[in-house]
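This is structure_15.tsv. It holds TSV, C-alpha atoms.
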```tsv
chain	number	residue	atom	x	y	z
A	35	MET	CA	-32.61	40.98	10.10
A	36	THR	CA	-31.74	41.98	6.58
A	37	SER	CA	-30.80	39.35	4.06
A	38	ALA	CA	-27.30	40.87	4.11
A	39	GLY	CA	-27.12	40.18	7.86
A	40	ALA	CA	-28.34	36.62	7.36
A	41	GLN	CA	-25.72	36.09	4.66
A	42	ARG	CA	-23.00	37.54	6.92
A	43	ILE	CA	-23.98	34.98	9.57
A	44	LEU	CA	-23.72	32.07	7.11
A	45	THR	CA	-20.40	33.35	5.78
A	46	ALA	CA	-19.09	33.72	9.34
A	47	VAL	CA	-20.05	30.12	10.17
A	48	GLN	CA	-18.24	28.87	7.07
A	49	ASP	CA	-15.16	30.99	7.77
A	50	ILE	CA	-14.96	29.77	11.36
A	51	LEU	CA	-15.34	26.16	10.22
A	52	VAL	CA	-12.50	26.46	7.73
A	53	GLU	CA	-10.16	28.51	9.88
A	54	ARG	CA	-10.81	27.22	13.40
A	55	GLY	CA	-13.00	24.11	13.30
A	56	LEU	CA	-16.52	23.04	14.21
A	57	GLU	CA	-16.02	23.38	17.97
A	58	GLU	CA	-15.43	27.12	17.50
A	59	VAL	CA	-18.82	27.65	15.84
A	60	THR	CA	-20.67	29.32	18.71
A	61	ILE	CA	-23.31	32.04	18.69
A	62	ARG	CA	-20.79	34.40	20.31
A	63	ASN	CA	-17.98	33.64	17.80
A	64	VAL	CA	-20.33	33.87	14.83
A	65	ALA	CA	-21.71	37.20	16.05
A	66	ALA	CA	-18.20	38.59	16.43
A	67	ALA	CA	-17.09	37.31	13.01
A	68	ALA	CA	-20.25	38.65	11.33
A	69	GLY	CA	-20.01	42.02	13.09
A	70	LEU	CA	-23.44	41.55	14.65
A	71	SER	CA	-24.80	41.36	18.17
A	72	ILE	CA	-25.40	38.00	19.82
A	73	GLY	CA	-29.10	38.89	19.90
A	74	ALA	CA	-29.14	39.49	16.16
A	75	VAL	CA	-27.65	36.05	15.52
A	76	GLN	CA	-30.03	34.40	18.02
A	77	HIS	CA	-32.98	36.16	16.42
A	78	HIS	CA	-32.27	34.23	13.26
A	79	HIS	CA	-30.68	31.04	14.67
A	80	LYS	CA	-31.63	30.04	18.21
A	81	THR	CA	-28.97	27.38	18.72
A	82	LYS	CA	-25.57	26.28	17.46
A	83	ASP	CA	-27.28	23.40	15.65
A	84	ASP	CA	-29.60	25.88	13.90
A	85	LEU	CA	-26.52	27.84	12.78
A	86	ILE	CA	-24.82	24.70	11.54
A	87	MET	CA	-27.90	23.48	9.65
A	88	ALA	CA	-28.44	26.85	7.97
A	89	ALA	CA	-24.80	27.04	6.93
A	90	MET	CA	-24.83	23.42	5.77
A	91	ASN	CA	-27.88	24.07	3.61
A	92	GLU	CA	-26.17	27.10	2.09
A	93	VAL	CA	-22.91	25.24	1.47
A	94	SER	CA	-24.80	22.29	-0.05
A	95	ARG	CA	-26.78	24.62	-2.31
A	96	LYS	CA	-23.62	26.35	-3.53
A	97	PHE	CA	-21.76	23.07	-3.91
A	98	ILE	CA	-24.54	21.51	-5.99
A	99	GLU	CA	-24.68	24.70	-8.05
A	100	ARG	CA	-20.91	24.54	-8.62
A	101	VAL	CA	-21.03	20.87	-9.61
A	102	GLY	CA	-23.92	21.60	-11.98
A	103	SER	CA	-22.05	24.48	-13.58
A	104	ALA	CA	-19.04	22.21	-14.21
A	105	VAL	CA	-21.13	20.13	-16.62
A	106	HIS	CA	-21.31	21.62	-20.12
A	107	PRO	CA	-23.54	20.34	-22.95
A	108	GLU	CA	-20.78	20.90	-25.53
A	109	ALA	CA	-18.18	18.95	-23.51
A	110	SER	CA	-17.68	15.22	-23.84
A	111	ALA	CA	-19.11	12.87	-21.22
A	112	ARG	CA	-15.53	12.12	-20.10
A	113	GLN	CA	-14.74	15.84	-19.72
A	114	ASN	CA	-17.90	16.43	-17.67
A	115	LEU	CA	-17.19	13.43	-15.48
A	116	GLY	CA	-13.62	14.61	-14.91
A	117	ALA	CA	-14.73	18.14	-14.02
A	118	VAL	CA	-17.23	16.89	-11.45
A	119	CYS	CA	-14.71	14.45	-9.97
A	120	ARG	CA	-12.18	17.26	-9.64
A	121	ILE	CA	-14.65	19.18	-7.47
A	122	LEU	CA	-15.78	16.18	-5.41
A	123	GLY	CA	-12.19	15.07	-4.87
A	124	GLY	CA	-11.17	18.48	-3.53
A	125	VAL	CA	-8.42	18.85	-6.12
A	126	ASP	CA	-8.28	22.65	-6.45
A	127	ASP	CA	-8.19	25.21	-3.64
A	128	GLU	CA	-11.87	26.18	-3.94
A	129	SER	CA	-12.88	22.52	-3.83
A	130	ARG	CA	-10.47	21.88	-0.97
A	131	THR	CA	-12.18	24.62	1.10
A	132	ALA	CA	-15.57	23.04	0.41
A	133	SER	CA	-14.06	19.71	1.52
A	134	VAL	CA	-13.02	21.22	4.87
A	135	ILE	CA	-16.60	22.33	5.44
A	136	TRP	CA	-17.99	18.99	4.22
A	137	LEU	CA	-15.70	17.10	6.61
A	138	SER	CA	-16.95	19.21	9.52
A	139	TYR	CA	-20.54	18.45	8.57
A	140	ALA	CA	-19.82	14.76	8.11
A	141	SER	CA	-18.40	14.73	11.62
A	142	LYS	CA	-21.46	16.55	12.98
A	143	ALA	CA	-23.72	14.09	11.15
A	144	THR	CA	-22.57	11.37	13.56
A	145	THR	CA	-24.22	13.19	16.48
A	146	SER	CA	-27.06	15.18	14.91
A	147	SER	CA	-29.95	13.49	13.17
A	148	ALA	CA	-30.89	16.72	11.36
A	149	VAL	CA	-27.39	17.15	9.96
A	150	ALA	CA	-27.21	13.43	9.15
A	151	SER	CA	-30.46	13.61	7.21
A	152	ALA	CA	-29.32	16.65	5.19
A	153	HIS	CA	-25.91	15.09	4.59
A	154	GLN	CA	-27.46	11.83	3.36
A	155	ALA	CA	-29.83	13.68	1.03
A	156	SER	CA	-26.95	15.65	-0.48
A	157	TRP	CA	-24.86	12.54	-1.10
A	158	ARG	CA	-27.80	10.61	-2.56
A	159	LEU	CA	-28.20	13.47	-5.01
A	160	MET	CA	-24.47	13.37	-5.82
A	161	GLU	CA	-24.59	9.59	-6.34
A	162	GLU	CA	-27.51	9.99	-8.74
A	163	GLY	CA	-25.63	12.69	-10.62
A	164	LEU	CA	-22.46	10.61	-10.84
A	165	THR	CA	-24.49	7.62	-12.00
A	166	THR	CA	-25.95	9.74	-14.80
A	167	LEU	CA	-22.51	11.04	-15.82
A	168	LEU	CA	-20.99	7.56	-15.74
A	169	ARG	CA	-23.80	6.11	-17.86
A	170	GLN	CA	-23.43	8.90	-20.41
A	171	TRP	CA	-19.82	7.87	-20.80
A	172	ASN	CA	-20.22	4.10	-20.44
A	173	PRO	CA	-23.79	2.68	-20.44
A	174	ASP	CA	-22.57	-0.48	-18.68
A	175	LEU	CA	-21.83	1.43	-15.46
A	176	ASP	CA	-24.35	1.65	-12.63
A	177	ARG	CA	-25.01	3.03	-9.14
A	178	ASP	CA	-22.45	0.72	-7.56
A	179	ASP	CA	-19.80	2.16	-9.87
A	180	ALA	CA	-20.91	5.65	-8.82
A	181	ALA	CA	-20.76	4.63	-5.14
A	182	MET	CA	-17.24	3.26	-5.62
A	183	LEU	CA	-16.15	6.45	-7.36
A	184	MET	CA	-17.71	8.53	-4.57
A	185	ALA	CA	-15.77	6.51	-1.99
A	186	LEU	CA	-12.54	7.27	-3.84
A	187	LEU	CA	-13.43	10.95	-4.14
A	188	ASP	CA	-14.40	11.18	-0.46
A	189	GLY	CA	-11.07	9.65	0.52
A	190	LEU	CA	-9.16	12.01	-1.74
A	191	ALA	CA	-11.07	15.03	-0.42
A	192	ILE	CA	-10.26	14.04	3.16
A	193	ALA	CA	-6.60	13.49	2.29
A	194	ARG	CA	-6.46	16.85	0.48
A	195	VAL	CA	-7.74	18.52	3.67
A	196	THR	CA	-5.68	16.61	6.22
A	197	GLU	CA	-2.53	15.50	4.39
A	198	THR	CA	-1.62	18.20	1.89
A	199	ASP	CA	2.04	17.14	1.72
A	200	ARG	CA	1.16	13.55	0.85
A	201	MET	CA	-1.91	14.24	-1.26
A	202	THR	CA	-1.03	17.11	-3.52
A	203	SER	CA	-3.46	18.50	-6.05
A	204	GLU	CA	-1.46	16.89	-8.85
A	205	ARG	CA	-1.46	13.48	-7.20
A	206	ALA	CA	-5.20	13.62	-6.48
A	207	GLN	CA	-5.89	14.53	-10.11
A	208	ARG	CA	-3.64	11.72	-11.35
A	209	LEU	CA	-5.45	9.17	-9.14
A	210	ILE	CA	-8.85	10.36	-10.33
A	211	ASP	CA	-7.74	10.11	-13.96
A	212	GLN	CA	-6.32	6.60	-13.43
A	213	TYR	CA	-9.54	5.41	-11.85
A	214	ILE	CA	-11.80	6.95	-14.49
A	215	ASN	CA	-9.61	5.59	-17.29
A	216	GLY	CA	-10.11	2.12	-15.80
A	217	LEU	CA	-13.86	2.55	-16.34
A	218	GLU	CA	-13.42	3.38	-20.00
A	219	PRO	CA	-16.10	1.92	-22.27
A	220	PRO	CA	-15.04	-0.91	-24.53
A	221	SER	CA	-14.05	0.25	-28.00
A	222	SER	CA	-16.36	-0.76	-30.79
```
Give the structure from the file, written as structure tokens.
Amino acid sequence: MTSAGAQRILTAVQDILVERGLEEVTIRNVAAAAGLSIGAVQHHHKTKDDLIMAAMNEVSRKFIERVGSAVHPEASARQNLGAVCRILGGVDDESRTASVIWLSYASKATTSSAVASAHQASWRLMEEGLTTLLRQWNPDLDRDDAAMLMALLDGLAIARVTETDRMTSERAQRLIDQYINGLEPPSS
């Protein structure tokens, strides 16, 4: 299979997840969405779990890339922290879509050890990154502060996906800002 075909499969899995949910990710549905034969999909991914893992790895790679590109050397530590939190909290539409996919994978992680392992590795990496950003802004902050911030961001991302009327983009951003402002370093 060409790399274009492999990419079409991964895109189809992601589209199905966002539009129809995890239960609709089947070899047959992915083949139809990708415009490929069932055999072509099975040649590359033997099972539904293989499809899900490949798509999860791709989504994680892109997500980590996006988070990394939100951090700019010329920006302040507070600006970089805010930009990353905006992505992790699912504030904008692009982040919200990633949150839909993340939520599907988090659900699958409860029943698949392979997905759970990949999910845990991704979030350990995110916690380390948040810890670094927090310490650049306020050296007194540590991993527990990053874990608490991640819990807030996870909750906001879930609310942005499932309760868009209650948790608007503006409200999510305001809550993130309030929380981060509460971590402000002492003035000298």
In Å, with one decimal, what is the gap from atom CA of Glu108 of chain A to atom CA of Arg120 of chain A?
18.4 Å
I want to know what sits within 12 Å of Gln154 of chain A, based on all atoms listed in the file, with residues of the same chain fewer than 3 positions away left out; could you give that as a PyMOL selection string?
chain A and resi 94+136+139-140+143-144+147-151+157-161
Distance query segment 78-88 of chain A at most 8 Å, all atoms listed in the file, self and fewer than 5 positions along chain excluded, as a count of residues only
9
Tell me which protein, DNA and RNA residues are within 12 Å of Gln113 of chain A, counting all atoms listed in the file, leaving out same-chain ones fewer than 2 positions away, and put them as a list in words.
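The filter keeps Ala104, Val105, His106, Pro107, Glu108, Ala109, Ser110, Ala111, Leu115, Gly116, Ala117, Val118, Cys119, Arg120, Leu167, Leu168, Gln170, Trp171, Asp211, Ile214 and Asn215 of chain A.
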Residues within 9 Å of Leu70 of chain A, please, as a list in words. Count all atoms listed in the file; anything in the same chain fewer than 5 positions from it doesn't count.
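Selected residues are Gly39, Arg42, Ile43, Val64, Ala65 and Val75 of chain A.
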Writer output for current selection, C-alpha atoms, as a short mmCIF file (atom, residue, chain, number, x, y, z; two decimals), keeping the file's coordinate frame:
```
data_model
loop_
_atom_site.label_atom_id
_atom_site.label_comp_id
_atom_site.auth_asym_id
_atom_site.auth_seq_id
_atom_site.Cartn_x
_atom_site.Cartn_y
_atom_site.Cartn_z
CA GLY A 39 -27.12 40.18 7.86
CA ARG A 42 -23.00 37.54 6.92
CA ILE A 43 -23.98 34.98 9.57
CA VAL A 64 -20.33 33.87 14.83
CA ALA A 65 -21.71 37.20 16.05
CA VAL A 75 -27.65 36.05 15.52
#
```
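If you look at atom CA of Ser133 of chain A and atom CA of Ile192 of chain A, they are 7.0 Å away from each other.
With atom CA of Arg169 of chain A on one side and atom CA of Met182 of chain A on the other, the separation reads 14.2 Å.
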Which residues are close to segment 198-206 of chain A, i.e. within 7 Å by all atoms listed in the file, leaving aside same-chain residues fewer than 5 positions away? Reply as a list in words.
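Counting all atoms listed in the file, the residues come to Val125, Asp126, Leu190 and Ala193 of chain A.
Minimum distance to Phe97 of chain A across A:Arg177, A:Arg130, A:Arg194, A:Arg208 (counting only C-alpha atoms) occurs at A:Arg130.
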